[in-house]
Structures are given as C-alpha cells and as structure tokens.
$ cat query18.txt   # compact mmCIF, C-alpha atoms (C1' of nucleotides)
# COMPACT_ATOMS: atom_id res chain seq x y z
CA MET A 189 91.65 8.50 206.28
CA ARG A 190 91.91 11.59 204.07
CA LYS A 191 90.63 13.68 206.94
CA PHE A 192 93.17 12.09 209.27
CA ALA A 193 95.99 12.95 206.84
CA GLN A 194 94.67 16.49 206.60
CA ASP A 195 94.81 16.88 210.39
CA TRP A 196 98.53 16.06 210.20
CA GLY A 197 99.11 18.38 207.24
CA VAL A 198 100.18 15.56 204.94
CA GLN A 199 98.74 13.61 202.02
CA LEU A 200 97.09 10.21 202.27
CA VAL A 201 100.12 8.51 200.74
CA HIS A 202 102.34 9.80 203.56
CA VAL A 203 100.10 8.19 206.14
CA GLU A 204 100.22 4.93 204.23
CA VAL A 205 104.01 5.01 204.04
CA VAL A 206 104.43 5.67 207.76
CA HIS A 207 101.82 3.07 208.69
CA TYR A 208 103.60 0.50 206.50
CA LEU A 209 107.04 1.30 207.90
CA ASN A 210 105.69 0.86 211.40
CA ARG A 211 104.64 -2.68 210.59
CA CYS A 212 107.30 -4.05 208.21
CA ASN A 213 110.50 -5.94 208.98
CA ARG A 214 114.12 -5.07 208.20
CA TYR A 215 114.01 -6.65 204.73
CA SER A 216 111.04 -4.51 203.75
CA ASP A 217 111.75 -0.98 204.98
CA THR A 218 113.19 0.35 201.69
CA THR A 219 112.16 2.58 198.80
CA GLN A 220 111.89 -0.39 196.46
CA ALA A 221 109.64 -2.36 198.82
CA LEU A 222 107.38 0.67 199.30
CA SER A 223 107.20 1.10 195.55
CA GLU A 224 105.97 -2.46 195.16
CA TYR A 225 103.63 -2.26 198.15
CA LEU A 226 101.91 0.96 197.07
CA GLY A 227 102.11 0.26 193.33
CA GLN A 228 103.85 3.52 192.54
CA THR A 229 107.10 4.15 190.71
CA LYS A 230 110.40 4.23 192.59
CA GLY A 231 110.92 7.84 191.57
CA SER A 232 107.64 8.90 193.09
CA ILE A 233 108.33 7.04 196.33
CA SER A 234 111.84 8.50 196.44
CA GLN A 235 110.40 12.01 196.45
CA THR A 236 107.74 11.10 199.00
CA ILE A 237 110.49 9.74 201.28
CA GLY A 238 112.41 12.97 200.75
CA PHE A 239 109.44 14.94 202.01
CA LEU A 240 108.91 12.70 205.04
CA GLU A 241 112.61 12.93 205.91
CA ALA A 242 112.60 16.72 205.61
CA GLU A 243 109.53 16.88 207.86
CA GLY A 244 111.21 14.73 210.49
CA TYR A 245 109.02 11.64 210.20
CA LEU A 246 111.92 9.28 209.38
CA LYS A 247 115.59 9.02 208.50
CA ARG A 248 117.53 7.03 205.90
CA ILE A 249 120.11 4.55 207.23
CA GLN A 250 122.52 2.95 204.79
CA ASP A 251 122.73 -0.84 204.93
CA LYS A 252 126.07 -2.09 206.25
CA THR A 253 126.52 -5.00 203.83
CA ASP A 254 124.71 -3.78 200.68
CA LYS A 255 125.58 -0.13 200.20
CA ARG A 256 122.87 0.37 197.56
CA VAL A 257 120.20 -0.10 200.20
CA PHE A 258 118.85 2.54 202.57
CA HIS A 259 116.63 1.46 205.44
CA LEU A 260 113.82 3.85 206.33
CA HIS A 261 113.71 4.29 210.09
CA LEU A 262 110.72 5.99 211.71
CA LEU A 263 111.53 8.81 214.13
CA ALA A 264 109.40 9.76 217.12
CA LYS A 265 107.12 11.94 214.97
CA GLY A 266 106.56 9.09 212.51
CA ARG A 267 105.86 6.55 215.23
CA SER A 268 103.46 8.99 216.80
CA LEU A 269 101.52 9.38 213.55
CA ALA A 270 101.42 5.60 213.07
CA ARG A 271 100.19 5.09 216.62
CA GLU A 272 97.37 7.63 216.18
CA PHE A 273 96.43 6.12 212.84
CA GLU A 274 96.31 2.59 214.19
CA LYS A 275 94.30 3.69 217.20
CA LEU A 276 91.61 4.93 214.82
CA PHE A 277 91.76 2.56 211.89
CA SER A 278 92.87 -0.81 213.14
CA PHE A 279 90.62 -3.72 213.84
CA PRO A 280 90.93 -6.57 216.34
CA PRO A 281 93.08 -9.50 215.08
CA ASN A 282 90.19 -11.87 214.35
CA PHE A 283 87.81 -9.25 213.04
CA PHE A 284 88.02 -10.25 209.39
CA GLU A 285 88.01 -14.01 209.70
CA ASP A 286 85.51 -16.25 207.97
CA ASP A 287 84.19 -13.76 205.46
CA LEU A 288 83.76 -14.24 201.74
CA SER A 289 84.01 -10.57 200.82
CA LEU A 290 87.41 -10.28 202.41
CA GLU A 291 88.46 -13.38 200.49
CA ARG A 292 87.60 -11.60 197.23
CA VAL A 293 89.59 -8.53 198.26
CA LEU A 294 92.63 -10.57 199.21
CA VAL A 295 92.58 -12.58 196.00
CA HIS A 296 92.46 -9.36 194.00
CA LEU A 297 95.24 -7.72 195.98
CA GLN A 298 97.34 -10.83 195.53
CA LYS A 299 96.93 -10.55 191.75
CA ALA A 300 97.48 -6.77 191.76
CA ASN A 301 100.69 -7.28 193.69
CA SER A 302 101.90 -9.67 191.00
CA LEU A 303 101.50 -12.49 193.47
CA LYS A 304 103.41 -10.68 196.17
CA SER A 305 101.49 -11.08 199.38
CA PHE A 306 103.26 -8.62 201.72
CA ASP A 307 102.04 -10.60 204.70
CA LEU A 308 103.33 -11.40 208.19
CA CYS A 309 106.65 -13.19 208.46
CA LYS A 310 105.21 -15.92 210.68
CA THR A 311 102.82 -17.05 207.95
CA CYS A 312 105.60 -17.44 205.35
CA ARG A 313 106.81 -20.73 203.92
CA PHE A 314 110.45 -19.61 204.33
CA ASN A 315 109.99 -19.26 208.07
CA SER A 316 111.07 -22.32 210.00
CA ASN A 317 111.38 -23.07 213.69
CA PRO A 318 114.12 -25.73 213.91
CA SER A 319 115.14 -25.45 217.55
CA GLY A 320 111.60 -25.07 218.77
CA SER A 321 112.46 -21.84 220.55
CA SER A 322 113.81 -19.50 217.82
CA PHE A 323 112.76 -18.81 214.22
CA VAL A 324 114.97 -18.83 211.12
CA CYS A 325 114.32 -17.34 207.67
CA GLY A 326 115.02 -19.87 204.93
CA LEU A 327 115.82 -17.11 202.44
CA THR A 328 118.41 -15.16 204.39
CA GLY A 329 119.40 -17.77 206.95
CA GLU A 330 119.04 -15.18 209.71
CA LYS A 331 117.66 -15.88 213.14
CA LEU A 332 114.39 -14.08 213.84
CA SER A 333 112.94 -12.86 217.10
CA HIS A 334 109.34 -13.24 218.18
CA GLU A 335 108.87 -9.56 217.32
CA ASP A 336 110.43 -10.09 213.89
CA VAL A 337 107.95 -12.73 212.80
CA GLY A 338 105.01 -10.47 213.64
CA LYS A 339 106.01 -7.95 210.98
CA ILE A 340 105.24 -7.55 207.27
CA CYS A 341 107.81 -8.96 204.83
CA ARG A 342 108.11 -8.11 201.13
CA GLU A 343 109.53 -11.59 200.41
CA HIS A 344 106.51 -13.30 201.92
CA GLN A 345 105.14 -16.41 200.24
CA PRO A 346 102.13 -18.34 201.54
CA ILE A 347 102.79 -21.69 203.16
CA THR A 348 100.43 -23.61 200.91
CA GLY A 349 101.77 -23.26 197.40
CA MET B 1323 92.59 0.27 196.29
CA ARG B 1324 95.66 2.00 194.85
CA LYS B 1325 96.34 -1.04 192.72
CA PHE B 1326 92.73 -1.01 191.53
CA ALA B 1327 93.04 2.65 190.53
CA GLN B 1328 96.28 1.87 188.74
CA ASP B 1329 94.58 -0.86 186.70
CA TRP B 1330 92.14 1.77 185.44
CA GLY B 1331 94.88 4.32 184.75
CA VAL B 1332 93.56 6.82 187.29
CA GLN B 1333 94.45 8.09 190.76
CA LEU B 1334 92.90 6.90 194.00
CA VAL B 1335 90.88 10.10 194.31
CA HIS B 1336 89.14 9.41 190.98
CA VAL B 1337 87.99 6.02 192.21
CA GLU B 1338 86.66 7.62 195.38
CA VAL B 1339 84.76 10.26 193.40
CA VAL B 1340 83.14 7.73 191.06
CA HIS B 1341 82.32 5.36 193.94
CA TYR B 1342 80.70 8.21 195.85
CA LEU B 1343 78.69 9.41 192.85
CA ASN B 1344 77.39 5.90 192.36
CA ARG B 1345 75.98 5.87 195.87
CA CYS B 1346 74.76 9.42 196.52
CA ASN B 1347 71.34 10.94 195.93
CA ARG B 1348 70.32 13.86 193.71
CA TYR B 1349 71.01 16.45 196.42
CA SER B 1350 74.57 15.23 196.81
CA ASP B 1351 76.00 14.71 193.31
CA THR B 1352 77.70 18.11 193.01
CA THR B 1353 81.18 19.60 193.16
CA GLN B 1354 80.43 21.23 196.49
CA ALA B 1355 79.20 18.01 198.09
CA LEU B 1356 82.28 16.14 196.85
CA SER B 1357 84.48 18.87 198.27
CA GLU B 1358 82.92 18.40 201.69
CA TYR B 1359 82.92 14.61 201.48
CA LEU B 1360 86.58 14.27 200.50
CA GLY B 1361 87.77 17.24 202.54
CA GLN B 1362 89.42 18.98 199.60
CA THR B 1363 88.91 22.47 198.21
CA LYS B 1364 86.24 23.15 195.58
CA GLY B 1365 88.89 24.26 193.10
CA SER B 1366 90.73 20.99 193.40
CA ILE B 1367 87.56 18.95 192.98
CA SER B 1368 86.55 21.10 190.02
CA GLN B 1369 89.73 20.13 188.18
CA THR B 1370 89.40 16.48 189.14
CA ILE B 1371 85.85 16.53 187.75
CA GLY B 1372 87.23 18.12 184.58
CA PHE B 1373 89.61 15.21 184.16
CA LEU B 1374 86.90 12.60 184.77
CA GLU B 1375 84.59 14.35 182.28
CA ALA B 1376 87.33 14.50 179.62
CA GLU B 1377 88.01 10.79 180.17
CA GLY B 1378 84.34 9.93 179.68
CA TYR B 1379 83.54 8.78 183.22
CA LEU B 1380 80.78 11.34 183.78
CA LYS B 1381 79.03 14.42 182.43
CA ARG B 1382 77.85 17.66 184.01
CA ILE B 1383 74.10 18.34 183.87
CA GLN B 1384 72.85 21.80 184.85
CA ASP B 1385 70.08 21.88 187.43
CA LYS B 1386 66.75 23.02 185.99
CA THR B 1387 65.68 25.20 188.90
CA ASP B 1388 69.01 26.39 190.35
CA LYS B 1389 71.25 27.28 187.43
CA ARG B 1390 74.34 27.53 189.64
CA VAL B 1391 74.23 23.80 190.28
CA PHE B 1392 75.65 21.11 188.01
CA HIS B 1393 74.75 17.49 188.76
CA LEU B 1394 77.50 14.98 188.09
CA HIS B 1395 76.02 12.06 186.17
CA LEU B 1396 78.02 8.85 185.80
CA LEU B 1397 78.31 7.53 182.25
CA ALA B 1398 78.64 3.84 181.34
CA LYS B 1399 82.41 3.93 181.90
CA GLY B 1400 81.96 5.47 185.35
CA ARG B 1401 79.25 3.03 186.39
CA SER B 1402 81.43 0.20 185.18
CA LEU B 1403 84.35 1.34 187.35
CA ALA B 1404 82.06 1.73 190.35
CA ARG B 1405 80.60 -1.73 189.85
CA GLU B 1406 84.04 -3.33 189.63
CA PHE B 1407 85.18 -1.41 192.69
CA GLU B 1408 82.18 -2.41 194.75
CA LYS B 1409 82.49 -6.01 193.67
CA LEU B 1410 85.97 -6.06 195.20
CA PHE B 1411 85.76 -3.72 198.15
CA SER B 1412 82.24 -3.81 199.52
CA PHE B 1413 81.15 -5.78 202.54
CA PRO B 1414 77.79 -7.34 203.41
CA PRO B 1415 75.32 -4.88 205.01
CA ASN B 1416 75.62 -6.19 208.57
CA PHE B 1417 79.32 -6.91 208.43
CA PHE B 1418 80.44 -4.01 210.59
CA GLU B 1419 77.76 -4.09 213.27
CA ASP B 1420 78.47 -4.43 216.97
CA ASP B 1421 82.14 -3.53 216.92
CA LEU B 1422 83.95 -1.07 219.11
CA SER B 1423 86.75 -0.35 216.65
CA LEU B 1424 84.29 0.77 214.01
CA GLU B 1425 82.63 2.98 216.60
CA ARG B 1426 85.96 4.74 217.15
CA VAL B 1427 86.40 5.25 213.40
CA LEU B 1428 82.91 6.67 212.95
CA VAL B 1429 83.23 9.05 215.86
CA HIS B 1430 86.47 10.37 214.40
CA LEU B 1431 85.06 10.72 210.90
CA GLN B 1432 82.06 12.53 212.31
CA LYS B 1433 84.35 15.06 213.95
CA ALA B 1434 86.60 15.34 210.88
CA ASN B 1435 83.56 16.02 208.73
CA SER B 1436 82.63 18.90 211.01
CA LEU B 1437 79.69 16.84 212.23
CA LYS B 1438 78.48 16.09 208.72
CA SER B 1439 77.63 12.42 208.60
CA PHE B 1440 77.14 11.76 204.85
CA ASP B 1441 75.02 8.75 205.66
CA LEU B 1442 72.06 6.96 204.08
CA CYS B 1443 68.86 8.95 203.57
CA LYS B 1444 66.75 6.37 205.37
CA THR B 1445 68.67 6.87 208.62
CA CYS B 1446 68.14 10.66 208.58
CA ARG B 1447 65.96 12.60 211.00
CA PHE B 1448 64.49 14.63 208.11
CA ASN B 1449 63.16 11.49 206.48
CA SER B 1450 59.52 10.78 207.36
CA ASN B 1451 57.07 8.17 206.19
CA PRO B 1452 53.65 9.82 206.68
CA SER B 1453 51.47 7.71 204.38
CA GLY B 1454 53.12 4.48 205.41
CA SER B 1455 53.97 3.63 201.82
CA SER B 1456 56.09 6.54 200.55
CA PHE B 1457 58.90 8.59 202.10
CA VAL B 1458 59.17 12.37 202.30
CA CYS B 1459 62.21 14.55 202.99
CA GLY B 1460 61.47 17.15 205.67
CA LEU B 1461 64.09 19.50 204.26
CA THR B 1462 63.02 19.68 200.63
CA GLY B 1463 59.45 18.42 200.94
CA GLU B 1464 60.06 16.04 198.05
CA LYS B 1465 58.65 12.54 197.82
CA LEU B 1466 61.35 9.87 197.90
CA SER B 1467 61.38 6.42 196.35
CA HIS B 1468 62.60 3.28 198.07
CA GLU B 1469 65.76 3.57 195.94
CA ASP B 1470 66.21 7.21 196.98
CA VAL B 1471 66.33 6.48 200.69
CA GLY B 1472 69.08 3.88 200.19
CA LYS B 1473 71.52 6.51 198.95
CA ILE B 1474 74.02 8.82 200.63
CA CYS B 1475 72.86 12.37 201.38
CA ARG B 1476 75.06 15.35 202.17
CA GLU B 1477 72.30 16.87 204.32
CA HIS B 1478 72.10 13.78 206.51
CA GLN B 1479 71.60 14.23 210.25
CA PRO B 1480 71.31 11.32 212.68
CA ILE B 1481 67.89 10.57 214.15
CA THR B 1482 69.02 10.75 217.76
CA GLY B 1483 70.34 14.20 218.40
C1' DT C 1037 138.02 -12.84 186.27
C1' DC C 1038 135.54 -9.42 184.13
C1' DA C 1039 131.94 -7.65 181.10
C1' DA C 1040 126.95 -7.76 181.14
C1' DA C 1041 122.79 -7.89 183.54
C1' DT C 1042 120.39 -6.84 187.60
C1' DT C 1043 119.08 -4.16 191.53
C1' DA C 1044 118.62 0.14 194.65
C1' DG C 1045 117.99 4.54 194.44
C1' DT C 1046 118.07 9.50 192.52
C1' DT C 1047 117.08 13.00 189.16
C1' DT C 1048 114.60 15.27 185.56
C1' DA C 1049 110.64 16.74 182.67
C1' DG C 1050 105.88 17.01 181.85
C1' DA C 1051 101.13 16.14 183.32
C1' DT C 1052 98.04 16.23 187.28
C1' DT C 1053 96.60 17.06 191.95
C1' DC C 1054 96.21 20.10 195.66
C1' DG C 1055 95.45 24.46 198.61
C1' DA C 1056 94.74 29.29 198.61
C1' DT C 1057 92.76 32.95 196.56
C1' DA C 1058 90.26 35.70 193.50
C1' DC C 1059 86.83 35.59 190.34
C1' DT C 1060 81.88 35.07 187.78
C1' DA C 1061 77.22 33.93 188.12
C1' DA C 1062 72.89 32.74 190.37
C1' DT C 1063 70.07 32.80 194.47
C1' DG C 1064 67.90 34.68 198.59
C1' DG C 1065 66.99 38.02 202.34
C1' DG C 1066 65.79 42.41 203.99
C1' DC D 544 67.55 46.93 194.90
C1' DC D 545 71.54 46.19 197.69
C1' DC D 546 74.09 42.82 200.02
C1' DA D 547 75.30 38.37 201.72
C1' DT D 548 75.45 33.67 200.51
C1' DT D 549 76.19 29.76 197.57
C1' DA D 550 77.89 26.99 193.30
C1' DG D 551 81.32 26.67 190.50
C1' DT D 552 85.54 28.12 187.70
C1' DA D 553 90.27 30.18 186.88
C1' DT D 554 94.89 30.96 188.26
C1' DC D 555 99.21 30.54 190.82
C1' DG D 556 102.62 28.03 193.22
C1' DA D 557 103.82 23.82 195.51
C1' DA D 558 103.57 18.99 195.58
C1' DT D 559 102.45 14.27 193.70
C1' DC D 560 102.85 11.16 190.03
C1' DT D 561 104.66 8.56 185.70
C1' DA D 562 108.13 7.66 182.57
C1' DA D 563 112.60 7.75 181.42
C1' DA D 564 117.43 8.46 181.91
C1' DC D 565 120.89 8.30 185.14
C1' DT D 566 124.60 6.73 188.99
C1' DA D 567 126.28 3.28 191.82
C1' DA D 568 126.58 -1.32 193.91
C1' DT D 569 125.91 -6.11 193.42
C1' DT D 570 125.26 -10.45 191.04
C1' DT D 571 125.59 -13.42 187.10
C1' DG D 572 127.85 -16.27 183.99
C1' DA D 573 130.86 -17.42 180.32
$ encode --input "query18.txt" --output "structure tokens"
Amino acid sequence: MRKFAQDWGVQLVHVEVVHYLNRCNRYSDTTQALSEYLGQTKGSISQTIGFLEAEGYLKRIQDKTDKRVFHLHLLAKGRSLAREFEKLFSFPPNFFEDDLSLERVLVHLQKANSLKSFDLCKTCRFNSNPSGSSFVCGLTGEKLSHEDVGKICREHQPITG
Amino acid sequence: MRKFAQDWGVQLVHVEVVHYLNRCNRYSDTTQALSEYLGQTKGSISQTIGFLEAEGYLKRIQDKTDKRVFHLHLLAKGRSLAREFEKLFSFPPNFFEDDLSLERVLVHLQKANSLKSFDLCKTCRFNSNPSGSSFVCGLTGEKLSHEDVGKICREHQPITG
DNA sequence: TCAAATTAGTTTAGATTCGATACTAATGGG
DNA sequence: CCCATTAGTATCGAATCTAAACTAATTTGA
C-alpha cells in the first residue's frame, strides 16, 4: 500500500482517507468522522484534507442544516484513486468469513475504536425496513436507498447488543 | 493497525519496521534493506531507526566482516511489540492460498518493489538442500538452519524464473 | 429564554517523518 | 592505487502529527 501511495505521489494516510470517503455514507464524510476512523487528531485530519483539496482529490461542501459541518466530496481524481486502490487491494465479499484470526482483529479494532464499529449501514441496529421496500434510519429518521445501506456509517451499532 | 500503533505511542511506520525486523534474516536486518522494503529513502529510514533506538525498541550492531553494515537487533520491547502485533494481525499460513485477488496484489507489489520479492528464504531459487538435512544459500555459501529458511530475505528470487 | 456545555472545524507551535541531496567511510574491481 | 559501488549519516525544506488554544454553530437545561 505504501508503494501504491508512492505511485500517486501521496502518503499512505491520503490513500486511506480517499478510500474511506469512497465507501462511507452522508453522515460519515466529515473531518470529525475521519478523525475517529483513523485515530488521529482533528487538527491533523484538517490539514490532510487541506492537502487533498488543494491537489484536487475532493472538495468541502457545507451542510445545509448544520453550518458547522462540511461534507467531503470526492472529485474525479479522488474517485479514480479509490477505484485503482480497490482494484488492487479489495477482496471478494465472502473472503474473510468463518475465520478465527479475523475475529481477533475485529474484536481489537472494536476496542481501539472505543466500541465504534464503522460498519455497513445495513448491519446496524438503527436500520429498519418498515414498508418492506425502503429502509429508514432510526437515529435520523431519514429514508435510505439501497445504495445508502451499503455504505460505512460512523454511527453504526451492531444488531446484537 | 493505526490504532495499534497509537496504543504504543508510535507511528504506523515504526510498527512496520519492528514487524519486519522480527521476521527477516541476518542478510536483511539493515537500514538499506528496510529502505527497499518500505520504499522510503535511506535517510528517512536512518532517522526512524534513530528514534526506535532512542526509545529502546532495538540496537545497532556493527557487522564483524563488513564494517559499513549495522544489523538492527530487536530488544525485549521491540520483540514484545512485534508479538502483540502478530497476535492481532497475522493469519494462518494457508489462509491466502488459491485466491485471485491476492494474486493481483502480489503482482502489483512485485512490480512496485522493482521485482524484489522480499519473500521467505525457503521459497528462493538460491536456497539448496544438498545433504538432504541442511540448507545452503547459493549466494553467500552459508549453511542455513530450519529457522533461517523461514525468514524474509531481501535477496529473495522466485524459483520459477 | 439564555448562559453553559457540546460539537465541528481551524490554527498554531513544536516534534517527527519524509524526500532530495551531499557527505563520510568501507568495500571491491581493474 | 584509483575509481566505482555500497552502507549509512547529516542537513535542508516540506509535510505529517499531537496537543492545545481558538472560532463558530448547535444543543442542553435550569
């Protein structure tokens, strides 16, 4: 992955940021969420975002209702990097199932994230499917598309709790 | 992995260095080898090593025959970090076999490493087993123990080539 | 309702990493 | 012995990173 970052003329952390933004939902595409996801301070992430914006990988878009929040939107260059990265470093959906080592990793990450799981929306206990055809988030009350529930959410909590 | 590094109060690169040193052989535990493995300049690695030495993770040991070379020897603190890391992030030996995605990753890494494979000694074309009981490296002419051939070597070249 | 607490994000300073380059020292080849 | 190569360090400038102080917007709660 370091070599991949080097090919693009960026640091490893930049690749991780872009890769994350390409997979997270609209509640999770902010500086604060990235700070929690990567375990780095907000200030550090803020500067990293500044670099990525200056290099044309993404742009900041102010939230319409909460003016403190800026959503980080990938531009073509950013999506291109993410696509290349995922082509090389992604695994098939069921690749990791039924393995004890992965279990250990996940348990540790869960602890390291202070019990934040940063997992897919569709596996979250707040996600309900009342009408049978559309999803709703129990936290925000918003309706969610099929594409929405396939993304990473910072508010994720496992169903079994 | 970033969270793990944070728990130890170090950067990700330090974890990678210690993890590598815990798995490489005596031809590969040097600043130069690390520079090639991580794809960073020698100067950068030199400073990183300086930090790890000051923090008590490792010590430099001058080579007896080639006085330019300094072997990087993990101390108790370094071995402890490596052990914890491997407990969390290692997979069973056969976990990755027979998968096309991994094939793509390896091919890319091979290219990114300028065709240096940094693989296990026992899978190297220079490794021979003339007596049937002990291994010999065709490059250095040295006898190798069973433990030796299970380590990473910077001079590694695949058997089929 | 309104002051206090919380949250999102930026800025700053100091330590560290990083790349590029120049440098010292040791080795090896002709 | 000269010269090229190799291992490693030193230095500079740019960038990352943490910690802390800061602004601004939102939420809390008495």
$ residues_near_point --input "query18.txt" --point "(73.4, 34.2, 184.1)" --cutoff "8 Å" --atoms "all atoms listed in the file" --output "PyMOL selection string"
(chain B and resi 1389) or (chain C and resi 1061-1062)
$ residues_around --input "query18.txt" --residues "segment 545-548 of chain D" --least-positions-apart "5" --cutoff "9 Å" --atoms "all atoms listed in the file" --output "list in words"
DT1063, DG1064 and DG1065 of chain C
$ write_last_selection --input "query18.txt" --atoms "C-alpha atoms (C1' of nucleotides)" --output "PDB file, keeping the file's coordinate frame"
ATOM      1  C1'  DT C1063      70.070  32.800 194.470  1.00  0.00           C
ATOM      2  C1'  DG C1064      67.900  34.680 198.590  1.00  0.00           C
ATOM      3  C1'  DG C1065      66.990  38.020 202.340  1.00  0.00           C
TER       4       DG C1065
END
$ residues_around --input "query18.txt" --residues "Cys1475 of chain B" --least-positions-apart "2" --cutoff "7 Å" --atoms "all atoms listed in the file" --output "PyMOL selection string"
chain B and resi 1346-1347+1349-1350+1440-1443+1473+1477-1478
$ atom_distance --input "query18.txt" --atom1 "atom CA of Thr1353 of chain B" --atom2 "atom CA of His1395 of chain B"
11.5 Å
$ residues_near_point --input "query18.txt" --point "(80.0, 17.4, 183.0)" --cutoff "8 Å" --atoms "only C-alpha atoms (C1' of nucleotides)" --output "ChimeraX atom specification"
/B:1371-1372,1375,1380-1383,1392-1395
$ write_last_selection --input "query18.txt" --atoms "C-alpha atoms" --output "PDB file, in the coordinates of the input"
ATOM      1  CA  ILE B1371      85.850  16.530 187.750  1.00  0.00           C
ATOM      2  CA  GLY B1372      87.230  18.120 184.580  1.00  0.00           C
ATOM      3  CA  GLU B1375      84.590  14.350 182.280  1.00  0.00           C
ATOM      4  CA  LEU B1380      80.780  11.340 183.780  1.00  0.00           C
ATOM      5  CA  LYS B1381      79.030  14.420 182.430  1.00  0.00           C
ATOM      6  CA  ARG B1382      77.850  17.660 184.010  1.00  0.00           C
ATOM      7  CA  ILE B1383      74.100  18.340 183.870  1.00  0.00           C
ATOM      8  CA  PHE B1392      75.650  21.110 188.010  1.00  0.00           C
ATOM      9  CA  HIS B1393      74.750  17.490 188.760  1.00  0.00           C
ATOM     10  CA  LEU B1394      77.500  14.980 188.090  1.00  0.00           C
ATOM     11  CA  HIS B1395      76.020  12.060 186.170  1.00  0.00           C
TER      12      HIS B1395
END
$ interface_residues --input "query18.txt" --of "chain D" --to "chain B" --cutoff "8 Å" --atoms "all atoms listed in the file" --output "compact mmCIF listing (two decimals) with C-alpha atoms (C1' of nucleotides), keeping the file's coordinate frame"
# COMPACT_ATOMS: atom_id res chain seq x y z
C1' DA D 550 77.89 26.99 193.30
C1' DG D 551 81.32 26.67 190.50
C1' DT D 552 85.54 28.12 187.70
$ closest_atom_pairs --input "query18.txt" --of "chain C" --to "chain A" --cutoff "10 Å" --atoms "only C-alpha atoms (C1' of nucleotides)" --output "CSV"
residue,atom,partner,partner_atom,distance
C:DT1043,C1',A:Arg256,CA,8.4
C:DA1044,C1',A:Arg256,CA,5.2
C:DG1045,C1',A:Arg256,CA,7.1
C:DT1046,C1',A:Gly231,CA,7.4
C:DT1047,C1',A:Gly231,CA,8.4
C:DC1054,C1',A:Gln199,CA,9.4
